[in-house]
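Asker: Let me give you the structure first, and then I'll get to my questions.
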Protein chains: 2
Amino acid sequence: MELLEICQRAKKVKYEAQILSTEVKNKALLHVADALVQRADFILEANQKDYDNGVSNGMHQGMLDRLKLDNKRIEAMAEGLREVVELEDPIGTEIEHFTRPNGLEISKVRVPFGVIGIIYESRPNVTADAFSLTFKSGNAVILKGGSDAINSNIAITKVIRDALTEESINPDVIQLIEDTDRSVTTSFMKMKEYVDVLIPRGSAGLIRAVVENSTIPVIETGTGNCHIYVDKDADLEKAIPIIINAKTQRIGVCNAAESLVVHKDIKDRFLPLFDAVMKEHKVEVRADEKAKEILTDSKSATEEDFGKEYLDYIISVKTVNDISEAIEHINRYNTGHSESIITENKEAAEKFLNEVDAACVYVNASTRFTDGFEFGFGAEIGISTQKLHARGPMGLRELTSYKYRIVGNGQIRG
Amino acid sequence: MELLEICQRAKKVKYEAQILSTEVKNKALLHVADALVQRADFILEANQKDYDNGVSNGMHQGMLDRLKLDNKRIEAMAEGLREVVELEDPIGTEIEHFTRPNGLEISKVRVPFGVIGIIYESRPNVTADAFSLTFKSGNAVILKGGSDAINSNIAITKVIRDALTEESINPDVIQLIEDTDRSVTTSFMKMKEYVDVLIPRGSAGLIRAVVENSTIPVIETGTGNCHIYVDKDADLEKAIPIIINAKTQRIGVCNAAESLVVHKDIKDRFLPLFDAVMKEHKVEVRADEKAKEILTDSKSATEEDFGKEYLDYIISVKTVNDISEAIEHINRYNTGHSESIITENKEAAEKFLNEVDAACVYVNASTRFTDGFEFGFGAEIGISTQKLHARGPMGLRELTSYKYRIVGNGQIRG
């Protein structure tokens, strides 16, 4: 199907999607979850093609692992859908209601965006995740996945659409752009007349390309150059486990720490401990001049290191003279994701919370908690690193807009 | 000053702006209001230059009127600032607060965007309006006004900055890009590293150019192709005053009606009355075939007419077979601004409220009420016609984002 036709169908179906009841949506999600499991063989066969292509094309092992599906992963996809059933439906909620002196009744109600576009890279489970969240929030979705997972995505989308049809729901609430030509992706980003919001999920390069080319409003997600600042008044018994957790619990995620910022007055006590645990966890340390006085066998950090989201067993170290310099350094290099201060000093904590410019600012905790489930919101479509619309974990509510409903009895403006 | 330096200064000052107390901001706003009146001669002298240039350049009378300042208009600008003092400061408000089972205290608090860019056309009063709203909401602002009003804008900005300096506030919270070269405007739209949000105010052409070129998140405002739909169950004693008001009370504003949609079953009763009042108000009518059976001396409406924001004494007329066709027509041609149904039928009203895709959807009232003051919000920066972040009138609260503050005591993720 042509891109234009896909967009036209999505714009048309959005009016049906927005008035589906919670019951109808939940029943359909459960049906889709069952269908994914029942038709696992069909999905796995398609996935095998992608995997074989990946092997032939020399895809590296990490990517192949992300691409590969098995029965357990399909069951996890289905379980993800069932969890979304449990989440509160945000649609139709009245956010505010007021009556004006002229008698106009104004009600601000939550409504779906309409059509959401999602551009993502090779993990095929995103296809089912993105469907569940956009569908439950009353939106139609157009998916543009990576070419590496195209067969898997076609199969998963087909299973979802078939199940929706059996539920008498127009299957165009989920459409996949099957044409993997790059020019189609660029054209998609210009379909402003049809698509209300575009969410890229993937590498910093993908997100940059979308921001630069899209005329559709974009929500940026998922780039995280996160810092842990160890203040002069830090409790080192908290600092050490937090830095280990934030750096090494999962290295490839956006809320992992990429940089340590340390106060000069504590560096002589803290850095030897830090050095030992980083060595123990096989983390490469790239330190500035002052830190290298202690971290004698670490590499030297360059300006580029401070701006880098490694997503690897590497961490940069910056020494600062005071908390103001720490905040300035973080606000210069961070990506607006998650930042943490380790301190027992209430004034320093308050200053850090107020002045650091990021979605999530922590005191004495790991940055790894920036996550929809950890916040108690449930599944998320991503972590927003911009300030427009939503910031931090984006769940169902963040996939909605609002409208004003105004009821009068003949009022005109004087 | 170079564009880059302006952006760097704004990024630096935003950390000061966001922690100014309400008292300090209000005192400064009152001081600026007084300064504008006290230094009216200085501003009027600069404005005279712009006016003379406008006359030499053959600017048409409507534009000259919008450009021209006098003591009364400066007093109105000052009054606008004083009104903003009365508005509630949104900054620092706690939106939500919850404790997680692991003891993390999560608080969602309202914060400024940081740096707001505003690109606007020739009305110089926007300079003071935009300052008052962005300043009160804790933001730094970079203004790029039209070249036609450059001398006025320089003078107004200088008066504001001088007054801020006297209040010991860093005057970089308001900066004006004085270079009127178009390429500078385009470069400004790419300053994503420094500017958090960009708001264009002006013609549909200006807004389109910003949407197409900006890498900074944009809030679209102010294009209004608004419809009045007269349903078969309309009370014509409400319909006639509403259509007169929506079309003619002020023709050049975004919430004025540009199109009448009429149900076929009421057209024979309604259109003769409509014809008479449009003639009385010297409004040119452009009607479809069926409506022309009654509106015999009107022009024929083309497809282009239905998509047009006239901002003039012109209205298009579309006849529909039922409410579904009315909604479909409106959702096809509207700009997501304001739409109204005239009906006594509760079911029709509910359907229209639910299914019309616009910021403000009315029953039995004029679209002219879409306005911050009419909604009781006070001064506004514009009417958002997009769905991301804010929709409809954008006051102080809509010029803010939020952040999560998370306080722990050593929590790490398991």
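Chain lettering (A, B, ...) mirrors the order of the structure tokens, residue numbering begins at 1 for each chain separately, and ligand numbering begins at 1 in order of display.
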Might you pull out every residue within 10 Å of Ile43 of chain A, with only C-alpha atoms counted and same-chain residues fewer than 4 positions away left off, and present them as a ChimeraX atom specification?

Answerer: /A:36-39,47-48,69-71,74,151-159

Asker: Over all C-alpha pairs taken in sequence order, what does chain A look like after a least-squares fit onto chain B? Please give it as a CSV table (one decimal) with C-alpha atoms, in the first residue's frame.

Answerer:
chain,number,residue,atom,x,y,z
A,1,MET,CA,25.2,41.1,18.9
A,2,GLU,CA,25.6,37.8,17.1
A,3,LEU,CA,22.8,35.3,17.1
A,4,LEU,CA,25.0,32.7,18.8
A,5,GLU,CA,25.9,35.0,21.6
A,6,ILE,CA,22.2,35.9,22.2
A,7,CYS,CA,21.4,32.2,22.4
A,8,GLN,CA,24.3,31.5,24.8
A,9,ARG,CA,23.3,34.4,27.1
A,10,ALA,CA,19.7,33.2,27.1
A,11,LYS,CA,20.7,29.6,28.0
A,12,LYS,CA,22.8,31.0,30.8
A,13,VAL,CA,20.2,33.4,32.2
A,14,LYS,CA,17.5,30.8,32.3
A,15,TYR,CA,18.9,29.3,35.4
A,16,GLU,CA,18.5,32.7,37.1
A,17,ALA,CA,15.1,33.3,35.7
A,18,GLN,CA,13.6,30.1,36.9
A,19,ILE,CA,14.4,30.8,40.6
A,20,LEU,CA,13.1,34.4,40.7
A,21,SER,CA,10.4,34.6,43.4
A,22,THR,CA,6.9,35.7,42.5
A,23,GLU,CA,7.4,38.9,44.5
A,24,VAL,CA,10.5,39.9,42.6
A,25,LYS,CA,8.9,39.1,39.3
A,26,ASN,CA,5.7,41.1,40.1
A,27,LYS,CA,7.7,44.1,41.4
A,28,ALA,CA,9.8,44.1,38.1
A,29,LEU,CA,6.6,43.9,35.9
A,30,LEU,CA,5.1,46.9,37.7
A,31,HIS,CA,8.4,48.8,37.3
A,32,VAL,CA,8.5,47.9,33.6
A,33,ALA,CA,4.9,49.0,33.1
A,34,ASP,CA,5.7,52.4,34.7
A,35,ALA,CA,8.9,52.7,32.6
A,36,LEU,CA,7.0,52.2,29.4
A,37,VAL,CA,4.7,55.1,30.2
A,38,GLN,CA,7.5,57.3,31.5
A,39,ARG,CA,9.6,56.7,28.4
A,40,ALA,CA,6.8,56.9,25.9
A,41,ASP,CA,8.4,59.7,24.0
A,42,PHE,CA,11.5,57.6,23.5
A,43,ILE,CA,9.4,54.7,22.2
A,44,LEU,CA,7.2,57.0,20.0
A,45,GLU,CA,10.2,58.6,18.4
A,46,ALA,CA,11.5,55.1,17.3
A,47,ASN,CA,8.0,54.1,16.2
A,48,GLN,CA,7.7,57.2,14.1
A,49,LYS,CA,10.8,56.0,12.1
A,50,ASP,CA,9.1,52.7,11.5
A,51,TYR,CA,5.9,54.4,10.5
A,52,ASP,CA,7.7,56.7,8.1
A,53,ASN,CA,9.6,53.8,6.6
A,54,GLY,CA,6.3,52.0,6.2
A,55,VAL,CA,4.8,55.0,4.3
A,56,SER,CA,7.9,55.2,2.1
A,57,ASN,CA,7.7,51.5,1.4
A,58,GLY,CA,4.0,51.7,0.4
A,59,MET,CA,2.7,49.7,3.4
A,60,HIS,CA,-1.1,49.5,3.2
A,61,GLN,CA,-3.3,51.3,5.7
A,62,GLY,CA,-4.3,48.3,7.8
A,63,MET,CA,-0.6,47.4,8.4
A,64,LEU,CA,0.2,51.0,9.2
A,65,ASP,CA,-2.6,51.1,11.7
A,66,ARG,CA,-1.2,48.0,13.4
A,67,LEU,CA,2.3,49.4,13.5
A,68,LYS,CA,1.4,52.8,14.8
A,69,LEU,CA,1.8,53.5,18.5
A,70,ASP,CA,0.5,56.5,20.5
A,71,ASN,CA,0.3,57.3,24.2
A,72,LYS,CA,-3.0,55.4,24.6
A,73,ARG,CA,-1.5,52.2,23.0
A,74,ILE,CA,1.6,52.5,25.3
A,75,GLU,CA,-0.7,52.9,28.3
A,76,ALA,CA,-2.5,49.7,27.1
A,77,MET,CA,0.8,47.9,26.9
A,78,ALA,CA,1.6,48.9,30.5
A,79,GLU,CA,-1.9,47.9,31.6
A,80,GLY,CA,-1.3,44.5,30.0
A,81,LEU,CA,1.8,44.1,32.2
A,82,ARG,CA,-0.1,45.1,35.3
A,83,GLU,CA,-2.7,42.5,34.5
A,84,VAL,CA,-0.1,39.8,34.4
A,85,VAL,CA,1.0,40.7,37.9
A,86,GLU,CA,-2.4,39.7,39.1
A,87,LEU,CA,-2.2,36.2,37.5
A,88,GLU,CA,-1.1,33.2,39.6
A,89,ASP,CA,2.6,32.3,39.3
A,90,PRO,CA,2.6,28.7,38.0
A,91,ILE,CA,6.2,28.0,38.9
A,92,GLY,CA,7.0,25.5,41.7
A,93,THR,CA,3.5,24.1,42.0
A,94,GLU,CA,3.5,20.5,43.0
A,95,ILE,CA,1.3,18.7,40.4
A,96,GLU,CA,1.6,15.2,42.0
A,97,HIS,CA,3.4,13.6,44.9
A,98,PHE,CA,3.6,9.9,45.6
A,99,THR,CA,5.8,7.4,47.6
A,100,ARG,CA,6.9,4.2,45.9
A,101,PRO,CA,7.0,0.9,47.9
A,102,ASN,CA,10.8,1.1,47.9
A,103,GLY,CA,10.6,4.5,49.8
A,104,LEU,CA,11.4,6.8,46.8
A,105,GLU,CA,9.5,10.0,47.2
A,106,ILE,CA,8.5,11.2,43.7
A,107,SER,CA,7.2,14.8,43.2
A,108,LYS,CA,6.1,16.2,39.9
A,109,VAL,CA,6.6,20.0,39.9
A,110,ARG,CA,5.9,22.7,37.4
A,111,VAL,CA,9.1,24.4,36.0
A,112,PRO,CA,9.6,26.9,33.2
A,113,PHE,CA,10.5,25.7,29.7
A,114,GLY,CA,13.8,27.6,30.0
A,115,VAL,CA,14.3,29.6,26.8
A,116,ILE,CA,11.3,30.5,24.6
A,117,GLY,CA,11.8,31.9,21.2
A,118,ILE,CA,9.0,34.0,19.7
A,119,ILE,CA,8.9,34.9,16.0
A,120,TYR,CA,6.3,37.5,15.1
A,121,GLU,CA,5.2,40.1,12.6
A,122,SER,CA,4.7,43.8,12.7
A,123,ARG,CA,2.7,44.6,15.8
A,124,PRO,CA,5.2,46.1,18.3
A,125,ASN,CA,2.9,45.6,21.3
A,126,VAL,CA,3.7,41.9,21.0
A,127,THR,CA,7.1,42.7,22.3
A,128,ALA,CA,5.8,43.8,25.7
A,129,ASP,CA,3.1,41.2,25.9
A,130,ALA,CA,5.5,38.3,25.1
A,131,PHE,CA,7.9,39.6,27.7
A,132,SER,CA,5.3,39.8,30.5
A,133,LEU,CA,4.0,36.3,30.0
A,134,THR,CA,7.4,34.6,29.5
A,135,PHE,CA,9.0,36.5,32.4
A,136,LYS,CA,6.2,35.8,34.9
A,137,SER,CA,6.3,32.1,34.0
A,138,GLY,CA,10.1,32.0,34.8
A,139,ASN,CA,11.4,31.8,31.3
A,140,ALA,CA,14.0,33.7,29.3
A,141,VAL,CA,12.8,35.0,25.9
A,142,ILE,CA,14.4,35.7,22.6
A,143,LEU,CA,12.3,37.8,20.4
A,144,LYS,CA,12.5,38.0,16.6
A,145,GLY,CA,10.1,40.7,15.4
A,146,GLY,CA,9.3,41.8,11.9
A,147,SER,CA,11.7,44.2,10.2
A,148,ASP,CA,8.8,46.7,9.7
A,149,ALA,CA,8.8,47.4,13.5
A,150,ILE,CA,12.5,47.0,14.2
A,151,ASN,CA,13.0,50.5,15.7
A,152,SER,CA,10.0,50.3,17.9
A,153,ASN,CA,11.0,46.8,19.1
A,154,ILE,CA,14.5,48.0,19.9
A,155,ALA,CA,13.2,50.9,21.9
A,156,ILE,CA,10.6,48.8,23.8
A,157,THR,CA,13.2,46.1,24.6
A,158,LYS,CA,15.6,48.8,25.8
A,159,VAL,CA,13.1,50.3,28.2
A,160,ILE,CA,12.3,46.8,29.5
A,161,ARG,CA,15.9,45.9,29.9
A,162,ASP,CA,16.8,49.2,31.6
A,163,ALA,CA,13.9,48.7,34.1
A,164,LEU,CA,15.0,45.2,34.9
A,165,THR,CA,18.6,46.3,35.5
A,166,GLU,CA,17.3,48.9,38.0
A,167,GLU,CA,15.5,46.0,39.7
A,168,SER,CA,18.9,44.1,39.8
A,169,ILE,CA,17.5,41.4,37.4
A,170,ASN,CA,19.7,40.2,34.7
A,171,PRO,CA,18.3,42.0,31.6
A,172,ASP,CA,19.1,39.0,29.3
A,173,VAL,CA,15.8,37.5,30.3
A,174,ILE,CA,14.6,39.5,27.3
A,175,GLN,CA,16.7,39.8,24.2
A,176,LEU,CA,15.8,41.0,20.8
A,177,ILE,CA,17.4,39.7,17.6
A,178,GLU,CA,18.1,43.1,15.9
A,179,ASP,CA,19.5,41.6,12.6
A,180,THR,CA,16.5,41.6,10.3
A,181,ASP,CA,18.2,39.4,7.7
A,182,ARG,CA,16.0,36.5,6.8
A,183,SER,CA,18.9,34.1,7.0
A,184,VAL,CA,19.2,35.0,10.7
A,185,THR,CA,15.6,34.0,11.3
A,186,THR,CA,16.3,30.6,9.6
A,187,SER,CA,19.4,30.1,11.7
A,188,PHE,CA,17.5,31.0,14.8
A,189,MET,CA,15.0,28.1,14.1
A,190,LYS,CA,18.0,25.7,14.3
A,191,MET,CA,19.3,26.8,17.7
A,192,LYS,CA,17.9,23.7,19.4
A,193,GLU,CA,20.8,23.5,21.8
A,194,TYR,CA,19.8,26.8,23.3
A,195,VAL,CA,16.1,27.3,22.8
A,196,ASP,CA,13.6,25.0,24.4
A,197,VAL,CA,10.4,26.0,22.5
A,198,LEU,CA,9.6,28.2,19.5
A,199,ILE,CA,6.3,30.0,19.2
A,200,PRO,CA,5.5,31.7,15.9
A,201,ARG,CA,2.8,34.4,16.0
A,202,GLY,CA,1.5,35.7,12.7
A,203,SER,CA,0.3,34.7,9.3
A,204,ALA,CA,-0.3,31.2,8.2
A,205,GLY,CA,2.8,31.6,5.9
A,206,LEU,CA,5.0,32.5,8.8
A,207,ILE,CA,3.8,29.6,10.8
A,208,ARG,CA,4.3,27.2,7.9
A,209,ALA,CA,7.9,28.4,7.4
A,210,VAL,CA,8.7,27.9,11.1
A,211,VAL,CA,7.2,24.4,11.1
A,212,GLU,CA,9.1,23.4,8.0
A,213,ASN,CA,12.5,24.8,9.1
A,214,SER,CA,12.6,24.6,12.9
A,215,THR,CA,14.5,21.8,14.7
A,216,ILE,CA,13.3,23.3,18.0
A,217,PRO,CA,9.9,22.0,19.2
A,218,VAL,CA,7.2,24.4,17.9
A,219,ILE,CA,3.8,25.4,19.2
A,220,GLU,CA,1.6,26.4,16.3
A,221,THR,CA,-0.8,29.2,17.1
A,222,GLY,CA,-3.5,31.3,15.5
A,223,THR,CA,-4.6,29.9,12.2
A,224,GLY,CA,-8.4,29.6,12.4
A,225,ASN,CA,-10.6,28.3,9.7
A,226,CYS,CA,-13.7,28.2,12.0
A,227,HIS,CA,-17.1,26.9,11.1
A,228,ILE,CA,-20.7,27.4,12.4
A,229,TYR,CA,-22.8,24.4,11.7
A,230,VAL,CA,-26.6,25.1,11.7
A,231,ASP,CA,-28.2,21.7,12.4
A,232,LYS,CA,-31.7,20.7,11.3
A,233,ASP,CA,-32.8,21.1,14.9
A,234,ALA,CA,-31.3,24.6,15.3
A,235,ASP,CA,-33.1,27.4,17.0
A,236,LEU,CA,-32.8,30.1,14.4
A,237,GLU,CA,-33.2,32.8,17.0
A,238,LYS,CA,-29.9,31.7,18.3
A,239,ALA,CA,-28.3,30.8,15.0
A,240,ILE,CA,-28.6,34.3,13.4
A,241,PRO,CA,-27.1,36.4,16.2
A,242,ILE,CA,-24.3,33.8,16.6
A,243,ILE,CA,-23.4,33.8,12.9
A,244,ILE,CA,-23.4,37.6,12.8
A,245,ASN,CA,-21.2,37.8,15.8
A,246,ALA,CA,-18.8,35.0,14.8
A,247,LYS,CA,-18.4,36.5,11.2
A,248,THR,CA,-18.5,40.2,11.7
A,249,GLN,CA,-17.7,41.3,15.3
A,250,ARG,CA,-14.0,41.4,14.3
A,251,ILE,CA,-13.0,40.0,11.0
A,252,GLY,CA,-9.2,39.9,11.3
A,253,VAL,CA,-9.0,37.5,14.3
A,254,CYS,CA,-8.3,33.7,14.3
A,255,ASN,CA,-11.6,32.9,16.2
A,256,ALA,CA,-13.8,34.6,13.6
A,257,ALA,CA,-16.0,32.2,11.5
A,258,GLU,CA,-15.0,31.7,7.9
A,259,SER,CA,-17.6,29.1,6.9
A,260,LEU,CA,-21.3,28.2,7.4
A,261,VAL,CA,-22.3,24.6,7.2
A,262,VAL,CA,-26.0,24.1,7.0
A,263,HIS,CA,-28.2,21.0,7.2
A,264,LYS,CA,-30.4,20.5,4.0
A,265,ASP,CA,-33.6,20.1,6.0
A,266,ILE,CA,-33.3,23.6,7.5
A,267,LYS,CA,-31.7,25.5,4.6
A,268,ASP,CA,-35.0,26.7,3.1
A,269,ARG,CA,-35.9,28.3,6.4
A,270,PHE,CA,-32.5,29.5,7.5
A,271,LEU,CA,-30.7,30.7,4.3
A,272,PRO,CA,-33.1,33.5,3.5
A,273,LEU,CA,-32.5,35.0,7.0
A,274,PHE,CA,-28.8,34.4,6.7
A,275,ASP,CA,-28.8,36.1,3.2
A,276,ALA,CA,-30.5,39.2,4.6
A,277,VAL,CA,-28.1,39.6,7.5
A,278,MET,CA,-25.0,39.0,5.5
A,279,LYS,CA,-26.1,41.6,3.0
A,280,GLU,CA,-26.8,44.0,5.8
A,281,HIS,CA,-23.3,43.4,7.2
A,282,LYS,CA,-21.7,43.6,3.7
A,283,VAL,CA,-20.4,40.1,3.9
A,284,GLU,CA,-19.7,38.4,0.5
A,285,VAL,CA,-21.2,34.9,0.4
A,286,ARG,CA,-19.6,32.0,-1.6
A,287,ALA,CA,-22.0,29.1,-1.6
A,288,ASP,CA,-22.1,25.5,-2.9
A,289,GLU,CA,-24.7,24.4,-5.5
A,290,LYS,CA,-27.5,23.5,-3.2
A,291,ALA,CA,-27.2,26.6,-1.1
A,292,LYS,CA,-27.2,28.7,-4.3
A,293,GLU,CA,-30.8,27.5,-4.9
A,294,ILE,CA,-31.7,30.0,-2.2
A,295,LEU,CA,-28.7,32.3,-2.2
A,296,THR,CA,-29.3,33.0,-5.8
A,297,ASP,CA,-27.0,36.1,-6.1
A,298,SER,CA,-24.0,34.7,-4.2
A,299,LYS,CA,-20.8,33.6,-5.8
A,300,SER,CA,-20.0,29.9,-6.2
A,301,ALA,CA,-17.7,28.3,-3.6
A,302,THR,CA,-14.7,26.4,-4.8
A,303,GLU,CA,-12.8,23.7,-3.0
A,304,GLU,CA,-10.2,26.4,-2.2
A,305,ASP,CA,-12.9,28.5,-0.5
A,306,PHE,CA,-13.6,25.8,2.0
A,307,GLY,CA,-9.9,25.6,3.1
A,308,LYS,CA,-9.5,29.4,3.4
A,309,GLU,CA,-9.1,31.6,6.4
A,310,TYR,CA,-10.4,34.8,4.8
A,311,LEU,CA,-9.9,37.3,7.7
A,312,ASP,CA,-12.3,39.4,5.6
A,313,TYR,CA,-16.0,40.1,5.0
A,314,ILE,CA,-16.4,36.9,3.1
A,315,ILE,CA,-18.0,33.6,4.2
A,316,SER,CA,-18.3,30.2,2.5
A,317,VAL,CA,-21.5,28.1,2.7
A,318,LYS,CA,-21.6,24.3,2.5
A,319,THR,CA,-24.9,22.3,2.5
A,320,VAL,CA,-24.8,18.8,4.1
A,321,ASN,CA,-27.2,15.9,4.2
A,322,ASP,CA,-26.7,15.1,7.9
A,323,ILE,CA,-24.6,15.8,10.9
A,324,SER,CA,-22.0,13.1,10.0
A,325,GLU,CA,-21.3,14.9,6.7
A,326,ALA,CA,-21.1,18.2,8.6
A,327,ILE,CA,-18.5,16.7,11.0
A,328,GLU,CA,-16.6,15.1,8.1
A,329,HIS,CA,-16.5,18.4,6.2
A,330,ILE,CA,-15.3,20.3,9.2
A,331,ASN,CA,-12.6,17.8,10.1
A,332,ARG,CA,-11.4,17.9,6.6
A,333,TYR,CA,-11.0,21.7,6.2
A,334,ASN,CA,-10.6,23.1,9.7
A,335,THR,CA,-7.4,24.1,11.3
A,336,GLY,CA,-8.1,22.7,14.8
A,337,HIS,CA,-9.2,26.0,16.3
A,338,SER,CA,-12.9,26.6,17.1
A,339,GLU,CA,-16.1,25.0,15.8
A,340,SER,CA,-19.7,25.5,16.8
A,341,ILE,CA,-23.0,23.6,16.3
A,342,ILE,CA,-26.3,25.4,16.6
A,343,THR,CA,-28.9,22.8,17.7
A,344,GLU,CA,-31.5,22.0,20.3
A,345,ASN,CA,-30.9,18.3,19.8
A,346,LYS,CA,-28.8,16.9,22.7
A,347,GLU,CA,-27.7,13.9,20.8
A,348,ALA,CA,-26.5,15.9,17.9
A,349,ALA,CA,-24.7,18.3,20.3
A,350,GLU,CA,-22.9,15.4,22.0
A,351,LYS,CA,-21.9,13.9,18.7
A,352,PHE,CA,-20.5,17.2,17.5
A,353,LEU,CA,-18.6,17.8,20.8
A,354,ASN,CA,-17.1,14.3,20.7
A,355,GLU,CA,-16.2,14.0,17.0
A,356,VAL,CA,-15.1,17.4,15.8
A,357,ASP,CA,-11.3,17.6,16.0
A,358,ALA,CA,-10.6,21.1,17.3
A,359,ALA,CA,-9.2,22.8,20.4
A,360,CYS,CA,-12.6,24.4,21.2
A,361,VAL,CA,-15.9,22.9,20.3
A,362,TYR,CA,-19.0,24.9,21.0
A,363,VAL,CA,-22.8,24.2,21.3
A,364,ASN,CA,-25.0,27.3,20.7
A,365,ALA,CA,-22.3,29.9,21.1
A,366,SER,CA,-20.0,32.1,19.0
A,367,THR,CA,-16.5,30.9,18.2
A,368,ARG,CA,-15.3,34.4,19.2
A,369,PHE,CA,-15.1,33.2,22.9
A,370,THR,CA,-11.9,31.3,22.2
A,371,ASP,CA,-9.7,33.7,24.1
A,372,GLY,CA,-7.7,33.7,27.3
A,373,PHE,CA,-9.7,36.5,28.9
A,374,GLU,CA,-13.0,35.0,27.8
A,375,PHE,CA,-12.0,31.6,29.3
A,376,GLY,CA,-11.0,33.4,32.5
A,377,PHE,CA,-7.3,32.5,32.1
A,378,GLY,CA,-6.2,36.1,31.6
A,379,ALA,CA,-3.6,37.2,29.0
A,380,GLU,CA,-2.5,34.6,26.5
A,381,ILE,CA,0.6,34.1,24.3
A,382,GLY,CA,-1.7,32.7,21.5
A,383,ILE,CA,-4.3,30.0,20.7
A,384,SER,CA,-2.6,26.6,20.1
A,385,THR,CA,-4.0,24.7,17.1
A,386,GLN,CA,-1.8,21.7,17.6
A,387,LYS,CA,-2.4,18.8,20.0
A,388,LEU,CA,1.1,18.4,21.5
A,389,HIS,CA,1.5,20.1,24.9
A,390,ALA,CA,-1.3,22.7,24.9
A,391,ARG,CA,-4.5,23.2,22.9
A,392,GLY,CA,-6.6,26.4,22.8
A,393,PRO,CA,-5.7,29.6,24.8
A,394,MET,CA,-2.2,29.4,26.1
A,395,GLY,CA,-1.7,31.4,29.3
A,396,LEU,CA,1.1,31.2,31.9
A,397,ARG,CA,0.6,27.6,32.9
A,398,GLU,CA,0.9,26.6,29.2
A,399,LEU,CA,4.3,28.3,29.1
A,400,THR,CA,5.7,25.7,31.6
A,401,SER,CA,6.9,22.1,31.6
A,402,TYR,CA,7.4,19.9,34.7
A,403,LYS,CA,10.1,17.8,36.2
A,404,TYR,CA,10.2,14.9,38.5
A,405,ARG,CA,12.1,15.3,41.8
A,406,ILE,CA,12.9,12.0,43.3
A,407,VAL,CA,14.4,11.7,46.9
A,408,GLY,CA,15.8,8.5,48.1
A,409,ASN,CA,18.1,7.2,50.8
A,410,GLY,CA,20.4,4.9,48.8
A,411,GLN,CA,17.9,3.0,46.7
A,412,ILE,CA,19.3,0.9,43.8
A,413,ARG,CA,17.3,-1.0,41.2
A,414,GLY,CA,17.2,-4.8,41.7

Asker: Segment 216-365 of chain B: which residues are strand (DSSP E) by DSSP, as number ranges by chain?

Answerer: B: 226-230, 257-263, 284-287, 299-300, 314-320, 338-342, 360-365

Asker: From the DSSP assignment of the backbone, select every residue of segment 44-289 of chain B that is helix (DSSP H, G or I), and format the answer as a PyMOL selection string.

Answerer: chain B and resi 44-56+61-67+71-86+125-136+147-166+171-173+182-188+204-213+236-248+267-280+289
